[in-house]
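Chemist: One structure follows; several queries about it will come next.
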Amino acid sequence: MGTPSNQPEFDYLFKLLMIGDSGVGKSSLLLSFTSDSFEDLSPTIGVDFKVKYVNVGGKKLKLAIWDTAGQERFRTLTSSYYRGAQGVIMVYDVTRRETFTNLSEVWAKEIDLYSTNQDCIKMLVGNKVDKESDRVVTKKEGINFAREYGCLFTECSAKTQVNVQQCFEELVLKKMEVGKLVCVQLWLMIGQCCVFENFDPVSSTEREASAAISRRVSEAVDLLDKGRELQAKGDFGQALGYYTQVVENYKDFAFSDYARVGRALALYEVGDRQEAIAEMEDVSISLKGYPEVHAALAAALYVDKHALLQAENQFTIATLLDPHYTDVSYVKETKHWPPSLVISLQQFISLS
């Protein structure tokens, strides 16, 4: 007999956030955890997102892990992702002293400023212990920092996968223990008792709500991926439909802005160019610091509105963030821009 369709695919859903300076290895650490592989990745642009299912303490958990950019220019973009996070992983590079110093000067302050979850669990992670001969931050310093700021602590290596799995599992276990402790305190306050063998810190209503949110996230991500797949195949008419569904039906999710970028590109090819430009201008504000939308807007402003100065300003932002946008083959073969926008960018680069 098959599993009922309304049965949750997991027991708990946790939102985790990874923060820290650029280049400390957050993305590599997340890749190592989610796919058991290692890549020396380029800096994250804005925010990335991955899902991992794990079994901890006899429970099936769905971890939604947000990987944020460490560069200062992306701070306004990533601050909203602190909201609702149940765990925050602060990562530093044991071979770079400034990444450790910035934990107290920047990242701990951001948690205090933006976190909305009073029971948020903090984990301090010293990455790149495989480079022991280059170490400049001692393990004792990490332990002392963790004690001062009330964090869990571990050192690991995304490259060799030492302690990577334990890092995430320890944080989740701690979160589950905190849930139990809160429940125990509430029961004691009202003079009741409970059987802890069958304890579940999340009510059925909360689990159903989490499952509903998870389903909506999965639906939106599937639509977004389908749009990108069709865009890569050059089917911008179909891609436009998928992007529009995300924009119209999932606007409460922050990543719907990325669907708006895809929608604007598709509109430029198969729809109303003026509407496409208006979409680009709007998204360039809400996703300020996302290079693709700035580069696309520069090309469109130059060719369709003959606004050279505005186009140059947008293109300067784009190329400061990602110099690849000076290469037309990059937007054509890697970003899969529509042919008309590729031509517009080419005209802008050659004539500006």
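Labels used: A, B, ... for chains in the order of the structure tokens, numbers from 1 for residues in each chain, and numbers from 1 for ligands as shown.
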Sorted by chain and rising residue number, which residues of stretch 253-346 of chain A lie within 12 Å of stretch 230-234 of chain A, and what are their closest atom pairs and distances in Å to one decimal, counting only C-alpha atoms, as a tab-separated table?
Modeler:
residue	atom	partner	partner_atom	distance
A:Ala259	CA	A:Gln231	CA	11.8
A:Val261	CA	A:Gln231	CA	11.9
A:Gly262	CA	A:Gln231	CA	8.2
A:Arg263	CA	A:Gln231	CA	10.0
A:Ala264	CA	A:Gln231	CA	11.8
A:Leu265	CA	A:Gln231	CA	9.2
A:Ala266	CA	A:Gln231	CA	7.9
A:Leu267	CA	A:Gln231	CA	11.6
A:Glu269	CA	A:Gly234	CA	10.1
A:Val270	CA	A:Gly234	CA	11.1
A:Val331	CA	A:Ala232	CA	11.1
A:Lys332	CA	A:Ala232	CA	9.4
A:Glu333	CA	A:Ala232	CA	8.6
A:Thr334	CA	A:Ala232	CA	8.7
A:Lys335	CA	A:Ala232	CA	7.9
A:His336	CA	A:Ala232	CA	5.3
A:Trp337	CA	A:Gln231	CA	7.7
A:Pro338	CA	A:Gly234	CA	7.1
A:Pro339	CA	A:Gly234	CA	8.7
A:Ser340	CA	A:Gly234	CA	11.6
Chemist: Output N, CA, C and O atoms for every residue in that selection, as a tab-separated table (two decimals), in the first residue's frame.
Modeler:
chain	number	residue	atom	x	y	z
A	259	ALA	N	13.02	35.10	-10.11
A	259	ALA	CA	12.10	34.76	-11.20
A	259	ALA	C	11.75	36.01	-12.01
A	259	ALA	O	11.55	35.93	-13.22
A	261	VAL	N	13.77	38.40	-12.66
A	261	VAL	CA	14.89	38.63	-13.59
A	261	VAL	C	14.69	37.78	-14.84
A	261	VAL	O	14.79	38.27	-15.97
A	262	GLY	N	14.39	36.48	-14.65
A	262	GLY	CA	14.15	35.60	-15.79
A	262	GLY	C	12.96	36.07	-16.61
A	262	GLY	O	12.99	36.01	-17.85
A	263	ARG	N	11.93	36.53	-15.93
A	263	ARG	CA	10.74	37.02	-16.63
A	263	ARG	C	11.07	38.23	-17.49
A	263	ARG	O	10.61	38.35	-18.64
A	264	ALA	N	11.88	39.12	-16.94
A	264	ALA	CA	12.25	40.33	-17.69
A	264	ALA	C	13.06	39.97	-18.94
A	264	ALA	O	12.85	40.55	-20.02
A	265	LEU	N	13.98	39.01	-18.81
A	265	LEU	CA	14.78	38.59	-19.96
A	265	LEU	C	13.88	37.98	-21.04
A	265	LEU	O	14.06	38.25	-22.23
A	266	ALA	N	12.93	37.13	-20.61
A	266	ALA	CA	12.03	36.50	-21.57
A	266	ALA	C	11.13	37.53	-22.23
A	266	ALA	O	10.87	37.46	-23.44
A	267	LEU	N	10.63	38.48	-21.46
A	267	LEU	CA	9.78	39.53	-22.01
A	267	LEU	C	10.52	40.34	-23.08
A	267	LEU	O	9.92	40.75	-24.08
A	269	GLU	N	12.56	39.30	-25.15
A	269	GLU	CA	12.64	38.53	-26.39
A	269	GLU	C	11.29	38.33	-27.05
A	269	GLU	O	11.16	38.47	-28.27
A	270	VAL	N	10.27	37.98	-26.27
A	270	VAL	CA	9.00	37.57	-26.86
A	270	VAL	C	7.82	38.45	-26.46
A	270	VAL	O	6.69	38.21	-26.92
A	331	VAL	N	27.26	35.79	-21.43
A	331	VAL	CA	25.81	35.93	-21.25
A	331	VAL	C	25.06	35.03	-22.22
A	331	VAL	O	23.93	34.61	-21.95
A	332	LYS	N	25.68	34.71	-23.35
A	332	LYS	CA	25.03	33.86	-24.35
A	332	LYS	C	25.10	32.39	-23.97
A	332	LYS	O	24.09	31.68	-24.01
A	333	GLU	N	26.27	31.92	-23.58
A	333	GLU	CA	26.49	30.49	-23.38
A	333	GLU	C	26.31	30.05	-21.93
A	333	GLU	O	25.93	28.90	-21.66
A	334	THR	N	26.61	30.95	-20.99
A	334	THR	CA	26.52	30.58	-19.57
A	334	THR	C	25.22	31.06	-18.93
A	334	THR	O	24.56	30.31	-18.21
A	335	LYS	N	24.84	32.30	-19.21
A	335	LYS	CA	23.63	32.87	-18.62
A	335	LYS	C	22.40	32.66	-19.50
A	335	LYS	O	21.27	32.90	-19.05
A	336	HIS	N	22.61	32.23	-20.74
A	336	HIS	CA	21.51	31.90	-21.66
A	336	HIS	C	20.56	33.08	-21.89
A	336	HIS	O	19.34	32.92	-21.84
A	337	TRP	N	21.14	34.23	-22.15
A	337	TRP	CA	20.32	35.39	-22.47
A	337	TRP	C	19.63	35.19	-23.82
A	337	TRP	O	20.14	34.50	-24.70
A	338	PRO	N	18.48	35.85	-24.02
A	338	PRO	CA	17.82	35.79	-25.33
A	338	PRO	C	18.67	36.48	-26.39
A	338	PRO	O	19.39	37.44	-26.08
A	339	PRO	N	18.59	36.02	-27.64
A	339	PRO	CA	19.44	36.58	-28.70
A	339	PRO	C	19.33	38.10	-28.84
A	339	PRO	O	20.34	38.77	-29.06
A	340	SER	N	18.12	38.63	-28.73
A	340	SER	CA	17.94	40.08	-28.91
A	340	SER	C	18.68	40.87	-27.84
A	340	SER	O	19.26	41.93	-28.11
Chemist: Need the shell around A:Ala300: protein/DNA/RNA residues with any atom at most 8 Å away, counting only C-alpha atoms. Skip same-chain ones fewer than 5 positions apart. Format as JSON, numbers by chain?
Modeler: {"A": [277, 305, 311, 341, 344, 345]}
Chemist: Please save N, CA and C atoms of the selected residues as a PDB file, in the first residue's frame.
Modeler:
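Output file part_6.pdb follows:
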ATOM      1  N   ILE A 277      11.846  46.344 -19.635  1.00  0.00           N
ATOM      2  CA  ILE A 277      12.761  47.341 -19.053  1.00  0.00           C
ATOM      3  C   ILE A 277      12.224  47.830 -17.713  1.00  0.00           C
ATOM      4  N   LYS A 305      16.262  52.805 -25.183  1.00  0.00           N
ATOM      5  CA  LYS A 305      15.905  54.130 -24.668  1.00  0.00           C
ATOM      6  C   LYS A 305      16.969  55.180 -24.952  1.00  0.00           C
ATOM      7  N   ALA A 311      22.793  53.785 -18.784  1.00  0.00           N
ATOM      8  CA  ALA A 311      23.306  52.469 -19.151  1.00  0.00           C
ATOM      9  C   ALA A 311      24.719  52.263 -18.617  1.00  0.00           C
ATOM     10  N   LEU A 341      18.708  40.369 -26.597  1.00  0.00           N
ATOM     11  CA  LEU A 341      19.398  41.069 -25.515  1.00  0.00           C
ATOM     12  C   LEU A 341      20.911  40.914 -25.647  1.00  0.00           C
ATOM     13  N   SER A 344      21.885  43.482 -28.080  1.00  0.00           N
ATOM     14  CA  SER A 344      21.851  44.800 -27.443  1.00  0.00           C
ATOM     15  C   SER A 344      23.089  45.031 -26.596  1.00  0.00           C
ATOM     16  N   LEU A 345      23.500  43.995 -25.843  1.00  0.00           N
ATOM     17  CA  LEU A 345      24.700  44.130 -25.024  1.00  0.00           C
ATOM     18  C   LEU A 345      25.930  44.306 -25.905  1.00  0.00           C
TER      19      LEU A 345
END
Chemist: Could you please determine the separation between atom CA of A:Val94 and atom CA of A:Ser27 in Å, to one decimal place?
Modeler: 16.1 Å
Chemist: By how many Å are atom CA of A:Phe236 and atom CA of A:Ile213 apart?
Modeler: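 About the pair atom CA of A:Phe236 and atom CA of A:Ile213: they are 28.8 Å apart.
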Chemist: Which of stretch 119-334 of chain A counts as helix (DSSP H, G or I) under DSSP, as JSON, numbers by chain please?
Modeler: {"A": [129, 130, 131, 132, 133, 134, 139, 140, 141, 142, 143, 144, 145, 146, 147, 148, 149, 164, 165, 166, 167, 168, 169, 170, 171, 172, 173, 174, 175, 176, 177, 178, 179, 180, 181, 182, 183, 184, 185, 186, 187, 188, 189, 196, 197, 198, 204, 205, 206, 207, 208, 209, 210, 211, 212, 213, 214, 215, 216, 217, 218, 219, 220, 221, 222, 223, 224, 225, 226, 227, 228, 229, 230, 231, 232, 236, 237, 238, 239, 240, 241, 242, 243, 244, 245, 246, 247, 248, 249, 256, 257, 258, 259, 260, 261, 262, 263, 264, 265, 266, 267, 268, 269, 270, 273, 274, 275, 276, 277, 278, 279, 280, 281, 282, 283, 284, 285, 286, 291, 292, 293, 294, 295, 296, 297, 298, 299, 300, 301, 302, 303, 304, 308, 309, 310, 311, 312, 313, 314, 315, 316, 317, 318, 319, 320, 321, 323, 324, 325, 326, 328, 329, 330, 331, 332, 333]}
Chemist: Taking only stretch 35-167 of chain A into account, list the residues labelled strand (DSSP E) by DSSP (computed from the backbone), as a PyMOL selection string.
Modeler: chain A and resi 47-56+59-68+87-93+121-127+152-155
Chemist: Generate a file of the selected residues that holds N, CA, C and O atoms, formatted as a compact mmCIF listing (two decimals), in the first residue's frame.
Modeler:
# COMPACT_ATOMS: atom_id res chain seq x y z
N VAL A 47 22.57 35.34 -2.67
CA VAL A 47 22.19 34.25 -1.77
C VAL A 47 22.03 32.97 -2.58
O VAL A 47 21.55 32.98 -3.70
N ASP A 48 22.45 31.84 -1.99
CA ASP A 48 22.19 30.53 -2.58
C ASP A 48 21.39 29.71 -1.58
O ASP A 48 21.32 30.05 -0.39
N PHE A 49 20.78 28.63 -2.05
CA PHE A 49 19.85 27.87 -1.21
C PHE A 49 19.95 26.39 -1.55
O PHE A 49 19.95 26.03 -2.72
N LYS A 50 20.06 25.55 -0.53
CA LYS A 50 20.09 24.11 -0.76
C LYS A 50 19.25 23.41 0.31
O LYS A 50 19.06 23.94 1.42
N VAL A 51 18.76 22.22 -0.04
CA VAL A 51 17.95 21.42 0.88
C VAL A 51 18.67 20.10 1.13
O VAL A 51 19.26 19.50 0.22
N LYS A 52 18.63 19.65 2.38
CA LYS A 52 19.26 18.38 2.74
C LYS A 52 18.35 17.65 3.74
O LYS A 52 17.88 18.24 4.71
N TYR A 53 18.08 16.38 3.48
CA TYR A 53 17.33 15.55 4.42
C TYR A 53 18.32 14.75 5.25
O TYR A 53 19.25 14.14 4.71
N VAL A 54 18.13 14.75 6.57
CA VAL A 54 18.98 13.98 7.46
C VAL A 54 18.13 13.28 8.50
O VAL A 54 17.01 13.71 8.80
N ASN A 55 18.66 12.21 9.06
CA ASN A 55 18.00 11.51 10.16
C ASN A 55 18.81 11.75 11.43
O ASN A 55 19.98 11.39 11.49
N VAL A 56 18.17 12.40 12.38
CA VAL A 56 18.84 12.73 13.64
C VAL A 56 17.91 12.36 14.80
O VAL A 56 16.75 12.75 14.81
N LYS A 59 14.49 10.96 14.03
CA LYS A 59 13.58 11.84 13.31
C LYS A 59 14.13 12.18 11.94
O LYS A 59 15.35 12.33 11.78
N LYS A 60 13.24 12.31 10.95
CA LYS A 60 13.65 12.75 9.62
C LYS A 60 13.50 14.26 9.54
O LYS A 60 12.41 14.80 9.76
N LEU A 61 14.59 14.93 9.25
CA LEU A 61 14.60 16.39 9.24
C LEU A 61 14.85 16.91 7.83
O LEU A 61 15.63 16.34 7.07
N LYS A 62 14.18 17.98 7.51
CA LYS A 62 14.44 18.69 6.25
C LYS A 62 15.13 20.00 6.60
O LYS A 62 14.56 20.84 7.30
N LEU A 63 16.36 20.15 6.15
CA LEU A 63 17.14 21.36 6.43
C LEU A 63 17.12 22.25 5.20
O LEU A 63 17.58 21.85 4.13
N ALA A 64 16.59 23.43 5.35
CA ALA A 64 16.65 24.45 4.30
C ALA A 64 17.79 25.39 4.65
O ALA A 64 17.70 26.15 5.62
N ILE A 65 18.87 25.33 3.90
CA ILE A 65 20.11 26.02 4.28
C ILE A 65 20.39 27.16 3.30
O ILE A 65 20.52 26.94 2.10
N TRP A 66 20.48 28.36 3.83
CA TRP A 66 20.72 29.55 3.01
C TRP A 66 22.19 29.94 3.15
O TRP A 66 22.71 30.13 4.24
N ASP A 67 22.84 30.07 2.00
CA ASP A 67 24.26 30.42 1.93
C ASP A 67 24.36 31.87 1.45
O ASP A 67 24.00 32.18 0.31
N THR A 68 24.84 32.76 2.30
CA THR A 68 24.83 34.18 1.97
C THR A 68 26.20 34.66 1.49
O THR A 68 27.23 34.08 1.82
N GLY A 87 18.67 28.43 13.11
CA GLY A 87 20.08 28.21 13.39
C GLY A 87 20.93 29.07 12.48
O GLY A 87 20.59 29.27 11.31
N VAL A 88 22.00 29.64 13.03
CA VAL A 88 22.93 30.46 12.24
C VAL A 88 24.33 29.91 12.40
O VAL A 88 24.80 29.70 13.53
N ILE A 89 24.99 29.63 11.29
CA ILE A 89 26.35 29.11 11.30
C ILE A 89 27.31 30.22 10.89
O ILE A 89 27.26 30.71 9.76
N MET A 90 28.15 30.64 11.82
CA MET A 90 29.16 31.67 11.55
C MET A 90 30.47 30.99 11.17
O MET A 90 31.03 30.24 11.97
N VAL A 91 30.94 31.23 9.96
CA VAL A 91 32.13 30.55 9.46
C VAL A 91 33.30 31.53 9.34
O VAL A 91 33.13 32.65 8.87
N TYR A 92 34.48 31.09 9.77
CA TYR A 92 35.69 31.87 9.56
C TYR A 92 36.78 30.95 9.03
O TYR A 92 36.66 29.72 9.09
N ASP A 93 37.82 31.53 8.52
CA ASP A 93 38.94 30.79 7.94
C ASP A 93 40.09 30.82 8.95
O ASP A 93 40.59 31.90 9.31
N ILE A 121 19.78 29.05 17.46
CA ILE A 121 21.03 28.41 17.90
C ILE A 121 22.17 28.90 17.00
O ILE A 121 22.06 28.89 15.78
N LYS A 122 23.25 29.31 17.64
CA LYS A 122 24.42 29.80 16.90
C LYS A 122 25.54 28.76 16.95
O LYS A 122 25.81 28.19 18.00
N MET A 123 26.14 28.54 15.80
CA MET A 123 27.26 27.61 15.68
C MET A 123 28.46 28.36 15.10
O MET A 123 28.34 29.01 14.06
N LEU A 124 29.60 28.29 15.75
CA LEU A 124 30.84 28.88 15.26
C LEU A 124 31.67 27.78 14.61
O LEU A 124 31.91 26.75 15.21
N VAL A 125 32.09 28.03 13.36
CA VAL A 125 32.83 27.01 12.62
C VAL A 125 34.13 27.59 12.08
O VAL A 125 34.12 28.58 11.32
N GLY A 126 35.24 27.00 12.48
CA GLY A 126 36.53 27.36 11.92
C GLY A 126 36.85 26.43 10.76
O GLY A 126 37.05 25.23 10.98
N ASN A 127 36.85 26.94 9.55
CA ASN A 127 37.03 26.11 8.36
C ASN A 127 38.50 26.11 7.91
O ASN A 127 39.29 26.95 8.32
N LEU A 152 27.74 27.17 19.88
CA LEU A 152 28.39 25.87 19.73
C LEU A 152 29.67 26.11 18.92
O LEU A 152 29.80 27.12 18.24
N PHE A 153 30.60 25.17 18.99
CA PHE A 153 31.87 25.40 18.28
C PHE A 153 32.44 24.10 17.73
O PHE A 153 32.37 23.05 18.36
N THR A 154 32.96 24.21 16.52
CA THR A 154 33.72 23.10 15.94
C THR A 154 34.68 23.65 14.90
O THR A 154 34.51 24.78 14.42
N GLU A 155 35.69 22.87 14.58
CA GLU A 155 36.57 23.17 13.46
C GLU A 155 36.41 22.08 12.42
O GLU A 155 36.19 20.92 12.78
Chemist: Could you tell me how far atom CA of A:Asp257 sits from atom CA of A:Ile111, in Å to one decimal place?
Modeler: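 Computing it gives 23.7 Å between the two atoms.
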Chemist: Which one of A:Arg83, A:Arg135, A:Arg260, A:Lys128 sits closest to A:Glu110 if you count only C-alpha atoms?
Modeler: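 Of A:Arg83, A:Arg135, A:Arg260, A:Lys128, the one nearest A:Glu110 is A:Arg83, counting only C-alpha atoms.
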